[in-house]
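Asker: Next up, data-v7.cif (mmCIF, C-alpha atoms).
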data_input
#
loop_
_atom_site.label_atom_id
_atom_site.label_comp_id
_atom_site.auth_asym_id
_atom_site.auth_seq_id
_atom_site.Cartn_x
_atom_site.Cartn_y
_atom_site.Cartn_z
CA MET A 1 63.57 0.32 31.59
CA LEU A 2 59.90 -0.34 32.32
CA ILE A 3 59.24 -1.76 28.88
CA SER A 4 61.99 -4.38 29.19
CA ASN A 5 60.60 -5.36 32.60
CA ILE A 6 57.22 -5.89 30.95
CA LEU A 7 58.64 -7.81 27.98
CA LYS A 8 60.11 -10.33 30.43
CA HIS A 9 56.56 -11.45 31.19
CA VAL A 10 54.36 -10.69 28.15
CA ARG A 11 54.77 -9.96 24.43
CA LEU A 12 53.90 -6.59 22.97
CA THR A 13 53.98 -5.69 19.28
CA PRO A 14 56.25 -2.76 18.29
CA GLU A 15 53.07 -0.67 17.87
CA GLU A 16 51.91 -1.61 21.39
CA GLN A 17 55.35 -0.77 22.77
CA ALA A 18 55.20 2.66 21.14
CA LEU A 19 51.67 3.25 22.41
CA PHE A 20 52.63 2.03 25.87
CA SER A 21 55.43 4.56 26.24
CA THR A 22 53.09 7.48 25.53
CA PHE A 23 51.15 6.74 28.74
CA TRP A 24 53.98 7.42 31.19
CA THR A 25 55.32 10.71 32.56
CA PRO A 26 58.72 11.07 34.27
CA LYS A 27 58.87 12.59 37.73
CA THR A 28 61.87 13.41 39.91
CA LEU A 29 61.90 13.50 43.71
CA GLU A 30 64.68 14.92 45.88
CA LYS A 31 65.84 13.09 49.00
CA GLY A 32 63.18 13.45 51.68
CA ASP A 33 60.39 14.39 49.27
CA TYR A 34 57.09 12.62 49.80
CA LEU A 35 55.55 10.76 46.88
CA LEU A 36 52.45 10.11 49.03
CA ARG A 37 51.21 11.32 52.42
CA ASN A 38 48.75 9.33 54.49
CA GLY A 39 45.25 10.77 54.15
CA ALA A 40 45.88 11.73 50.53
CA ILE A 41 44.77 9.67 47.54
CA CYS A 42 47.44 7.77 45.64
CA ARG A 43 46.72 9.33 42.24
CA THR A 44 49.43 7.58 40.24
CA ASP A 45 51.00 4.17 39.79
CA ASN A 46 54.75 4.70 40.08
CA TYR A 47 57.59 2.71 38.53
CA VAL A 48 61.05 3.41 39.95
CA VAL A 49 63.63 4.20 37.26
CA SER A 50 66.39 5.12 39.73
CA GLY A 51 66.77 5.99 43.39
CA ALA A 52 65.09 4.48 46.45
CA LEU A 53 61.93 5.01 48.47
CA LYS A 54 60.36 3.69 51.61
CA ALA A 55 56.64 3.13 52.21
CA PHE A 56 55.57 3.19 55.84
CA TYR A 57 52.62 3.33 58.21
CA ILE A 58 52.32 5.51 61.30
CA ASN A 59 49.89 4.69 64.09
CA ALA A 60 48.30 8.11 64.67
CA GLU A 61 47.53 7.26 68.31
CA THR A 62 50.87 5.88 69.47
CA GLY A 63 53.29 7.13 66.82
CA ALA A 64 54.49 3.57 66.23
CA THR A 65 55.90 3.26 62.71
CA GLU A 66 56.18 0.20 60.49
CA ILE A 67 57.99 0.05 57.17
CA LEU A 68 55.87 -1.60 54.50
CA TYR A 69 58.48 -1.84 51.75
CA PHE A 70 61.55 -0.39 50.13
CA ALA A 71 61.50 0.28 46.39
CA ILE A 72 64.58 0.67 44.21
CA GLU A 73 64.93 0.71 40.42
CA GLY A 74 62.73 -1.82 38.70
CA TRP A 75 60.15 -1.81 41.53
CA TRP A 76 56.74 -0.28 41.88
CA ALA A 77 56.19 2.38 44.56
CA THR A 78 52.43 2.71 44.85
CA ASP A 79 49.76 2.19 47.47
CA ILE A 80 47.83 -0.39 45.48
CA GLU A 81 44.78 -0.11 47.74
CA SER A 82 44.47 3.68 47.53
CA PHE A 83 45.27 3.69 43.82
CA ARG A 84 42.70 1.04 42.89
CA ASN A 85 39.90 2.59 44.97
CA GLN A 86 41.03 6.22 44.61
CA GLN A 87 40.46 6.62 48.34
CA PRO A 88 42.77 8.11 51.00
CA SER A 89 45.90 6.12 51.75
CA ILE A 90 46.99 4.95 55.19
CA TYR A 91 50.64 5.00 54.07
CA ASP A 92 53.42 7.49 53.46
CA ILE A 93 55.92 6.98 50.64
CA GLN A 94 59.14 9.03 50.83
CA ALA A 95 62.29 9.25 48.72
CA LEU A 96 65.45 8.06 50.51
CA LYS A 97 67.63 9.71 47.86
CA LYS A 98 67.13 11.50 44.57
CA THR A 99 64.64 9.33 42.71
CA THR A 100 63.22 9.19 39.20
CA LEU A 101 59.83 7.64 38.54
CA LEU A 102 57.56 6.89 35.63
CA GLN A 103 53.98 7.75 36.53
CA ILE A 104 50.53 7.03 35.19
CA ASP A 105 47.31 8.40 36.66
CA HIS A 106 44.34 6.20 37.50
CA ARG A 107 42.20 7.12 34.49
CA SER A 108 45.11 6.66 32.08
CA PHE A 109 45.91 3.32 33.73
CA GLN A 110 42.39 2.08 32.93
CA LYS A 111 42.75 3.35 29.36
CA LEU A 112 46.12 1.63 29.04
CA LEU A 113 44.69 -1.71 30.19
CA ALA A 114 41.80 -1.33 27.74
CA ALA A 115 44.18 -0.46 24.89
CA ILE A 116 46.69 -3.26 25.63
CA PRO A 117 44.78 -5.99 27.51
CA VAL A 118 47.78 -8.31 27.74
CA LEU A 119 49.08 -5.92 30.41
CA GLU A 120 46.43 -7.42 32.71
CA ARG A 121 48.56 -10.56 32.56
CA TYR A 122 51.75 -8.62 33.34
CA PHE A 123 50.22 -7.01 36.42
CA ARG A 124 48.72 -10.33 37.55
CA ILE A 125 52.14 -11.97 37.38
CA ILE A 126 53.85 -9.05 39.18
CA LEU A 127 51.20 -9.14 41.90
CA GLU A 128 51.61 -12.90 42.37
CA GLY A 129 55.29 -12.37 43.10
CA TYR A 130 54.62 -9.51 45.48
CA THR A 131 51.90 -11.51 47.24
CA ALA A 132 54.32 -14.39 47.76
CA ALA A 133 56.86 -12.02 49.35
CA LEU A 134 54.22 -10.44 51.62
CA GLN A 135 53.04 -13.87 52.76
CA ARG A 136 56.58 -14.93 53.64
CA ARG A 137 57.15 -11.74 55.58
CA ILE A 138 53.97 -12.30 57.61
CA VAL A 139 54.76 -15.85 58.66
CA PHE A 140 58.51 -15.31 59.11
CA ASN A 141 57.92 -12.20 61.21
CA ASN A 142 56.48 -14.23 64.07
CA ALA A 143 57.79 -17.75 63.42
CA HIS A 144 61.43 -16.89 62.73
CA THR A 145 64.18 -15.47 64.95
CA ALA A 146 65.76 -12.10 64.13
CA ARG A 147 68.79 -13.92 62.69
CA GLN A 148 66.58 -16.03 60.40
CA ARG A 149 64.60 -12.96 59.35
CA TYR A 150 67.78 -11.20 58.28
CA ALA A 151 68.82 -14.30 56.31
CA ASP A 152 65.33 -14.38 54.71
CA PHE A 153 65.70 -10.70 53.87
CA LEU A 154 69.09 -11.20 52.20
CA ALA A 155 67.77 -14.18 50.23
CA THR A 156 64.70 -12.25 49.04
CA TYR A 157 66.34 -8.86 48.47
CA PRO A 158 70.08 -9.45 47.85
CA GLU A 159 70.30 -6.03 46.18
CA PHE A 160 69.07 -4.04 49.20
CA PRO A 161 72.04 -3.92 51.62
CA GLY A 162 74.29 -1.12 50.40
CA ARG A 163 71.31 0.56 48.75
CA ILE A 164 69.14 1.01 51.84
CA PRO A 165 70.56 2.44 55.13
CA GLN A 166 71.18 -0.27 57.70
CA TYR A 167 69.04 1.39 60.39
CA LEU A 168 66.06 1.23 58.04
CA ILE A 169 66.66 -2.44 57.29
CA ALA A 170 66.78 -3.04 61.06
CA SER A 171 63.49 -1.16 61.45
CA TYR A 172 61.94 -3.19 58.62
CA LEU A 173 63.02 -6.40 60.37
CA GLY A 174 61.69 -5.19 63.73
CA ILE A 175 65.09 -5.28 65.45
CA SER A 176 67.49 -2.64 66.74
CA ALA A 177 70.31 -1.34 64.55
CA GLU A 178 72.77 -2.58 67.22
CA PHE A 179 71.37 -6.09 67.08
CA LEU A 180 71.53 -6.11 63.28
CA SER A 181 75.19 -5.02 63.46
CA ARG A 182 75.87 -7.91 65.83
CA ILE A 183 74.20 -10.41 63.45
CA ARG A 184 76.20 -9.04 60.52
CA ARG A 185 79.49 -9.22 62.42
CA LYS A 186 78.79 -12.84 63.37
CA ASN A 187 77.89 -13.67 59.75
CA ASN A 188 81.11 -12.06 58.51
CA SER A 189 83.31 -13.84 61.04
CA ARG A 190 82.14 -17.29 59.91
CA MET B 1 29.21 -19.84 42.93
CA LEU B 2 32.61 -19.22 41.37
CA ILE B 3 31.14 -17.91 38.13
CA SER B 4 29.05 -15.26 39.88
CA ASN B 5 32.15 -14.17 41.82
CA ILE B 6 33.94 -13.74 38.50
CA LEU B 7 31.05 -11.91 36.84
CA LYS B 8 31.24 -9.29 39.59
CA HIS B 9 34.57 -8.19 38.13
CA VAL B 10 34.62 -9.07 34.40
CA ARG B 11 32.14 -9.91 31.64
CA LEU B 12 32.03 -13.34 30.05
CA THR B 13 29.84 -14.36 27.13
CA PRO B 14 27.44 -17.28 27.73
CA GLU B 15 29.81 -19.42 25.63
CA GLU B 16 32.78 -18.39 27.79
CA GLN B 17 30.78 -19.14 30.93
CA ALA B 18 29.98 -22.61 29.64
CA LEU B 19 33.61 -23.21 28.65
CA PHE B 20 34.83 -21.86 31.97
CA SER B 21 32.78 -24.33 33.99
CA THR B 22 34.30 -27.31 32.15
CA PHE B 23 37.73 -26.50 33.61
CA TRP B 24 36.84 -27.06 37.28
CA THR B 25 36.58 -30.28 39.28
CA PRO B 26 34.79 -30.56 42.64
CA LYS B 27 36.68 -31.96 45.60
CA THR B 28 35.51 -32.68 49.15
CA LEU B 29 37.67 -32.66 52.26
CA GLU B 30 36.67 -33.96 55.67
CA LYS B 31 37.52 -32.02 58.83
CA GLY B 32 41.25 -32.32 59.49
CA ASP B 33 42.14 -33.36 55.94
CA TYR B 34 45.13 -31.63 54.42
CA LEU B 35 44.69 -29.90 51.09
CA LEU B 36 48.44 -29.20 51.03
CA ARG B 37 51.43 -30.32 53.11
CA ASN B 38 54.62 -28.28 53.30
CA GLY B 39 57.30 -29.78 51.06
CA ALA B 40 54.68 -30.85 48.50
CA ILE B 41 53.85 -28.90 45.35
CA CYS B 42 50.55 -27.03 45.29
CA ARG B 43 49.18 -28.72 42.15
CA THR B 44 45.80 -27.00 42.03
CA ASP B 45 44.23 -23.59 42.45
CA ASN B 46 41.33 -24.06 44.87
CA TYR B 47 38.12 -22.08 45.19
CA VAL B 48 36.13 -22.70 48.37
CA VAL B 49 32.47 -23.55 47.70
CA SER B 50 31.64 -24.35 51.33
CA GLY B 51 33.46 -25.10 54.57
CA ALA B 52 36.58 -23.52 56.04
CA LEU B 53 40.34 -24.01 55.87
CA LYS B 54 43.44 -22.61 57.49
CA ALA B 55 46.80 -22.07 55.80
CA PHE B 56 49.78 -22.02 58.15
CA TYR B 57 53.55 -22.11 58.39
CA ILE B 58 55.61 -24.19 60.81
CA ASN B 59 59.20 -23.30 61.65
CA ALA B 60 60.86 -26.72 61.33
CA GLU B 61 63.58 -25.78 63.84
CA THR B 62 61.51 -24.31 66.65
CA GLY B 63 58.01 -25.62 65.92
CA ALA B 64 56.67 -22.06 66.02
CA THR B 65 53.49 -21.86 63.95
CA GLU B 66 51.95 -18.87 62.20
CA ILE B 67 48.54 -18.81 60.52
CA LEU B 68 48.72 -17.28 57.06
CA TYR B 69 45.00 -17.10 56.32
CA PHE B 70 41.57 -18.57 56.82
CA ALA B 71 39.45 -19.36 53.77
CA ILE B 72 35.67 -19.77 53.78
CA GLU B 73 33.20 -19.94 50.90
CA GLY B 74 33.98 -17.49 48.14
CA TRP B 75 37.71 -17.44 48.97
CA TRP B 76 40.72 -18.99 47.33
CA ALA B 77 42.74 -21.57 49.28
CA THR B 78 45.98 -21.95 47.36
CA ASP B 79 49.67 -21.37 47.93
CA ILE B 80 50.08 -18.88 45.11
CA GLU B 81 53.88 -19.11 45.21
CA SER B 82 54.04 -22.91 44.98
CA PHE B 83 51.23 -23.04 42.41
CA ARG B 84 52.77 -20.46 40.08
CA ASN B 85 56.27 -21.98 40.20
CA GLN B 86 55.18 -25.60 40.69
CA GLN B 87 57.80 -25.89 43.42
CA PRO B 88 57.46 -27.25 46.97
CA SER B 89 55.33 -25.20 49.32
CA ILE B 90 56.42 -23.90 52.72
CA TYR B 91 52.79 -23.95 53.92
CA ASP B 92 50.19 -26.42 55.11
CA ILE B 93 46.52 -25.99 54.24
CA GLN B 94 44.03 -27.98 56.32
CA ALA B 95 40.23 -28.23 56.41
CA LEU B 96 38.68 -26.96 59.67
CA LYS B 97 35.39 -28.65 58.82
CA LYS B 98 33.89 -30.55 55.92
CA THR B 99 34.84 -28.48 52.89
CA THR B 100 33.96 -28.48 49.20
CA LEU B 101 36.33 -26.97 46.65
CA LEU B 102 36.49 -26.35 42.94
CA GLN B 103 39.94 -27.23 41.64
CA ILE B 104 41.98 -26.59 38.52
CA ASP B 105 45.47 -27.96 37.91
CA HIS B 106 48.36 -25.77 36.80
CA ARG B 107 48.37 -26.81 33.16
CA SER B 108 44.60 -26.39 32.85
CA PHE B 109 44.87 -23.00 34.54
CA GLN B 110 47.27 -21.82 31.83
CA LYS B 111 44.92 -23.20 29.17
CA LEU B 112 41.98 -21.45 30.80
CA LEU B 113 43.77 -18.09 30.77
CA ALA B 114 44.72 -18.59 27.14
CA ALA B 115 41.15 -19.52 26.22
CA ILE B 116 39.50 -16.67 28.17
CA PRO B 117 42.12 -13.90 28.50
CA VAL B 118 39.77 -11.53 30.34
CA LEU B 119 40.29 -13.82 33.35
CA GLU B 120 43.76 -12.28 33.64
CA ARG B 121 41.90 -9.13 34.66
CA TYR B 122 39.77 -11.00 37.20
CA PHE B 123 42.81 -12.52 38.88
CA ARG B 124 44.67 -9.19 38.82
CA ILE B 125 41.74 -7.52 40.60
CA ILE B 126 41.42 -10.35 43.15
CA LEU B 127 45.16 -10.20 43.85
CA GLU B 128 45.06 -6.43 44.34
CA GLY B 129 42.47 -6.89 47.07
CA TYR B 130 44.43 -9.69 48.72
CA THR B 131 47.65 -7.67 48.52
CA ALA B 132 45.96 -4.74 50.24
CA ALA B 133 44.82 -7.02 53.09
CA LEU B 134 48.30 -8.56 53.47
CA GLN B 135 49.89 -5.11 53.60
CA ARG B 136 47.49 -3.97 56.31
CA ARG B 137 48.18 -7.10 58.33
CA ILE B 138 51.94 -6.50 58.15
CA VAL B 139 51.87 -2.91 59.34
CA PHE B 140 49.08 -3.40 61.88
CA ASN B 141 50.81 -6.44 63.37
CA ASN B 142 53.60 -4.32 64.79
CA ALA B 143 52.13 -0.82 64.89
CA HIS B 144 48.76 -1.66 66.47
CA THR B 145 47.81 -2.97 69.90
CA ALA B 146 46.08 -6.34 70.28
CA ARG B 147 42.76 -4.54 70.79
CA GLN B 148 43.21 -2.54 67.58
CA ARG B 149 44.26 -5.66 65.68
CA TYR B 150 41.06 -7.42 66.70
CA ALA B 151 39.05 -4.38 65.58
CA ASP B 152 40.97 -4.39 62.26
CA PHE B 153 40.22 -8.10 61.92
CA LEU B 154 36.48 -7.61 62.50
CA ALA B 155 36.40 -4.71 60.03
CA THR B 156 38.24 -6.70 57.36
CA TYR B 157 36.61 -10.10 57.96
CA PRO B 158 33.20 -9.47 59.58
CA GLU B 159 32.07 -12.94 58.48
CA PHE B 160 34.84 -14.85 60.27
CA PRO B 161 33.83 -14.85 63.98
CA GLY B 162 31.31 -17.65 64.37
CA ARG B 163 32.80 -19.44 61.37
CA ILE B 164 36.36 -19.82 62.66
CA PRO B 165 37.11 -21.11 66.20
CA GLN B 166 38.05 -18.32 68.57
CA TYR B 167 41.37 -19.91 69.60
CA LEU B 168 42.46 -19.87 65.94
CA ILE B 169 41.50 -16.21 65.54
CA ALA B 170 43.58 -15.49 68.66
CA SER B 171 46.50 -17.40 67.15
CA TYR B 172 46.12 -15.48 63.88
CA LEU B 173 46.23 -12.21 65.82
CA GLY B 174 49.25 -13.33 67.84
CA ILE B 175 47.47 -13.12 71.19
CA SER B 176 46.29 -15.70 73.73
CA ALA B 177 42.72 -17.02 73.61
CA GLU B 178 42.24 -15.67 77.16
CA PHE B 179 43.27 -12.19 76.12
CA LEU B 180 40.95 -12.29 73.11
CA SER B 181 38.07 -13.34 75.40
CA ARG B 182 38.84 -10.37 77.62
CA ILE B 183 38.81 -7.97 74.64
CA ARG B 184 35.50 -9.43 73.43
CA ARG B 185 33.89 -9.15 76.89
CA LYS B 186 34.96 -5.50 77.14
CA ASN B 187 33.60 -4.81 73.62
CA ASN B 188 30.28 -6.43 74.53
CA SER B 189 29.90 -4.56 77.82
CA ARG B 190 30.12 -1.17 76.12
#
Would you mind writing the structure in this file as C-alpha cells?

Answerer:
Amino acid sequence: MLISNILKHVRLTPEEQALFSTFWTPKTLEKGDYLLRNGAICRTDNYVVSGALKAFYINAETGATEILYFAIEGWWATDIESFRNQQPSIYDIQALKKTTLLQIDHRSFQKLLAAIPVLERYFRIILEGYTAALQRRIVFNNAHTARQRYADFLATYPEFPGRIPQYLIASYLGISAEFLSRIRRKNNSR
Amino acid sequence: MLISNILKHVRLTPEEQALFSTFWTPKTLEKGDYLLRNGAICRTDNYVVSGALKAFYINAETGATEILYFAIEGWWATDIESFRNQQPSIYDIQALKKTTLLQIDHRSFQKLLAAIPVLERYFRIILEGYTAALQRRIVFNNAHTARQRYADFLATYPEFPGRIPQYLIASYLGISAEFLSRIRRKNNSR
C-alpha cells in the first residue's frame, strides 16, 4: 500500500490520509504495454502496486539500449525529469508483466503537496535513497568487475532475481546472459 | 549566495532568512585538502561558495578510480548517503583549488528542517534535478559514444570546462585525455 510506504517516513493525520487517497487513480497495464514512450511527456507519477516494469533508453542513432531501472511493487515508475518539467521524455517505460499502478497527474501532484506539505519531506527522503543507489551504480559500473557488480546488485536489490528475467538483469549489469549464468553457477557451487 | 539559491525555489520570510543563516558555518579548504575520506562519516552537508571539488570512488582491490561528480560554486559537495545515515562513506571528496564552503552538521540539519519546513521542498526540488542528471549519465555512459558523451557533458555543465582540469573531465567521461583533446580539436575546427 502506498499510504503505509509513506507512513514509514512521515506522519499523516487520519484526515490527511483520507484526503491523500482521493488523489490517486488505479491503472492496469498488460505485459508489454508502454507506460511511457520516449518523445512523449510523462504526465503522471506512478506508484507500483503489483507487477514489474523496466525503464530504458534507446540511442536513436545506434540503437544501443540501456536499462535505467526495474520497478516492482512498492517502487516508483516515473521519469522524474519529464514529470517535473512536463517536457518530452528520453526514456521508455514498459510493463514486464501485468502491472497495477496508482497514478497522479502533474497538476494534482502540485495540489497534493500544497494540501499536505509534509509529503515534501517524504519525497525528499525517497529521492535521497534513490540518489544514493544511482551514485553507487555509476561508480561501480566502471570501477567494479562484472562479478562485483552482480554482488552489488544482489545486495541492493535482493528481491529482484526471480522477479525480473535473468537476461534483463544481465543487460542492466552490462554483461551477457551467458556470463551472468557462469557467475551464478560459480556462486552456487561455493 | 546559498540563500539566493534557495529563494529561487521556495519563499522564506525575512525572519526565516535570518534564522536560516545562523545554521551555517564557513569552512576553507586549500588545494588538495580532503573534505571527506572514504571510511569516515560525512558529518556535514556542504554548499560550495567558491572553488572546486571532486568526489570519487576507489576500488580498494584493484585501485580503479571513478569520479562521481565535480562541484563548483552553487553546488552541493556532500555524500548524501553517508550524511543521511551517518554511516561511513565509500567516497572521497577533495578540493581541486582553494575552496570555501558553508557547512551544517547532521543534527543541525534536522533542526533546520524542523524550524523551516518549506526547506523540505527546496531539497526535494534540488534532488530531482540531481537525480535527472545521474540518470542521464548512467544511460549515456553505455549507450552513447565518447563524442556524444562530451557533447552531453557540455550541454549539462557548460560552466565546467575552464574550471575543471581537462584530464579530470576526460577521467569523468571514461576516456583518455588524448582522445578528449582530439574531440575538442575536431569540434573547434568545424

Asker: List the residues selected by the PyMOL selection byres ((chain A) within 10 of (chain B)) in the file shown, writing them as a VMD selection string.

Answerer: chain A and resid 56 to 69 79 to 82 84 90 to 91 113 117 to 145 174

Asker: Would you mind reading off the distance between atom CA of Met1 of chain A and atom CA of Ser89 of chain A, one decimal, in Å?

Answerer: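 Interatomic distance, atom CA of Met1 of chain A to atom CA of Ser89 of chain A: 27.4 Å.
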
Asker: Assuming the chain letters and numbering stay as they are in my file, what does the PyMOL selection byres ((chain A and resi 42) around 10) actually select? List them as a list in words.

Answerer: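 Output of the PyMOL selection byres ((chain A and resi 42) around 10): Leu35, Leu36, Arg37, Asn38, Gly39, Ala40, Ile41, Arg43, Thr44, Asp45, Asn46, Thr78, Asp79, Ile80, Glu81, Ser82, Phe83, Arg84, Asn85, Gln86, Gln87, Pro88, Ser89, Ile90, Tyr91, Asp92, Ile93, Asp105 and His106 of chain A.
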
Asker: List the residues selected by the PyMOL selection byres ((chain A and resi 23) around 10) in the file shown, writing them as JSON, numbers by chain.

Answerer: {"A": [18, 19, 20, 21, 22, 24, 25, 102, 103, 104, 105, 108, 109, 111, 112]}

Asker: At what distance in Å, to one decimal, does atom CA of Gly51 of chain B lie from atom CA of Gln166 of chain B?

Answerer: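 Pair atom CA of Gln166 of chain B / atom CA of Gly51 of chain B returns 16.2 Å.
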
Asker: Report, in Å with one decimal, the straight-line distance from atom CA of Ile183 of chain B to atom CA of Ile169 of chain B.

Answerer: 12.6 Å

Asker: Mind completing segment 155-177 of chain A with N, CA and C atoms? Output as an mmCIF file, in the frame of the given file, please?

Answerer:
data_model
loop_
_atom_site.group_PDB
_atom_site.id
_atom_site.type_symbol
_atom_site.label_atom_id
_atom_site.label_comp_id
_atom_site.auth_asym_id
_atom_site.auth_seq_id
_atom_site.Cartn_x
_atom_site.Cartn_y
_atom_site.Cartn_z
ATOM 1 N N ALA A 155 68.103 -13.240 51.305
ATOM 2 C CA ALA A 155 67.770 -14.180 50.230
ATOM 3 C C ALA A 155 66.739 -13.564 49.278
ATOM 4 N N THR A 156 65.782 -12.815 49.855
ATOM 5 C CA THR A 156 64.700 -12.250 49.040
ATOM 6 C C THR A 156 65.154 -10.988 48.322
ATOM 7 N N TYR A 157 65.945 -10.170 49.009
ATOM 8 C CA TYR A 157 66.340 -8.860 48.470
ATOM 9 C C TYR A 157 67.863 -8.697 48.517
ATOM 10 N N PRO A 158 68.604 -9.528 47.771
ATOM 11 C CA PRO A 158 70.080 -9.450 47.850
ATOM 12 C C PRO A 158 70.619 -8.085 47.437
ATOM 13 N N GLU A 159 69.818 -7.321 46.677
ATOM 14 C CA GLU A 159 70.300 -6.030 46.180
ATOM 15 C C GLU A 159 70.088 -4.893 47.179
ATOM 16 N N PHE A 160 69.429 -5.144 48.299
ATOM 17 C CA PHE A 160 69.070 -4.040 49.200
ATOM 18 C C PHE A 160 70.213 -3.555 50.095
ATOM 19 N N PRO A 161 70.959 -4.440 50.769
ATOM 20 C CA PRO A 161 72.040 -3.920 51.620
ATOM 21 C C PRO A 161 73.024 -3.143 50.743
ATOM 22 N N GLY A 162 73.432 -1.981 51.205
ATOM 23 C CA GLY A 162 74.290 -1.120 50.400
ATOM 24 C C GLY A 162 73.471 -0.080 49.663
ATOM 25 N N ARG A 163 72.185 -0.393 49.421
ATOM 26 C CA ARG A 163 71.310 0.560 48.750
ATOM 27 C C ARG A 163 70.378 1.235 49.747
ATOM 28 N N ILE A 164 70.079 0.521 50.830
ATOM 29 C CA ILE A 164 69.140 1.010 51.840
ATOM 30 C C ILE A 164 69.925 1.130 53.155
ATOM 31 N N PRO A 165 69.815 2.289 53.865
ATOM 32 C CA PRO A 165 70.560 2.440 55.130
ATOM 33 C C PRO A 165 70.265 1.297 56.099
ATOM 34 N N GLN A 166 71.310 0.898 56.823
ATOM 35 C CA GLN A 166 71.180 -0.270 57.700
ATOM 36 C C GLN A 166 70.134 -0.063 58.801
ATOM 37 N N TYR A 167 70.019 1.173 59.315
ATOM 38 C CA TYR A 167 69.040 1.390 60.390
ATOM 39 C C TYR A 167 67.618 1.206 59.883
ATOM 40 N N LEU A 168 67.400 1.446 58.591
ATOM 41 C CA LEU A 168 66.060 1.230 58.040
ATOM 42 C C LEU A 168 65.796 -0.256 57.817
ATOM 43 N N ILE A 169 66.826 -0.984 57.430
ATOM 44 C CA ILE A 169 66.660 -2.440 57.290
ATOM 45 C C ILE A 169 66.346 -3.044 58.660
ATOM 46 N N ALA A 170 67.059 -2.561 59.699
ATOM 47 C CA ALA A 170 66.780 -3.040 61.060
ATOM 48 C C ALA A 170 65.327 -2.746 61.438
ATOM 49 N N SER A 171 64.869 -1.538 61.127
ATOM 50 C CA SER A 171 63.490 -1.160 61.450
ATOM 51 C C SER A 171 62.505 -2.056 60.708
ATOM 52 N N TYR A 172 62.783 -2.307 59.434
ATOM 53 C CA TYR A 172 61.940 -3.190 58.620
ATOM 54 C C TYR A 172 61.859 -4.578 59.253
ATOM 55 N N LEU A 173 62.978 -5.045 59.791
ATOM 56 C CA LEU A 173 63.020 -6.400 60.370
ATOM 57 C C LEU A 173 62.505 -6.411 61.815
ATOM 58 N N GLY A 174 62.204 -5.240 62.362
ATOM 59 C CA GLY A 174 61.690 -5.190 63.730
ATOM 60 C C GLY A 174 62.754 -5.463 64.764
ATOM 61 N N ILE A 175 63.996 -5.110 64.479
ATOM 62 C CA ILE A 175 65.090 -5.280 65.450
ATOM 63 C C ILE A 175 65.866 -3.976 65.540
ATOM 64 N N SER A 176 66.699 -3.864 66.588
ATOM 65 C CA SER A 176 67.490 -2.640 66.740
ATOM 66 C C SER A 176 68.673 -2.656 65.777
ATOM 67 N N ALA A 177 69.154 -1.452 65.443
ATOM 68 C CA ALA A 177 70.310 -1.340 64.550
ATOM 69 C C ALA A 177 71.528 -2.026 65.173
#
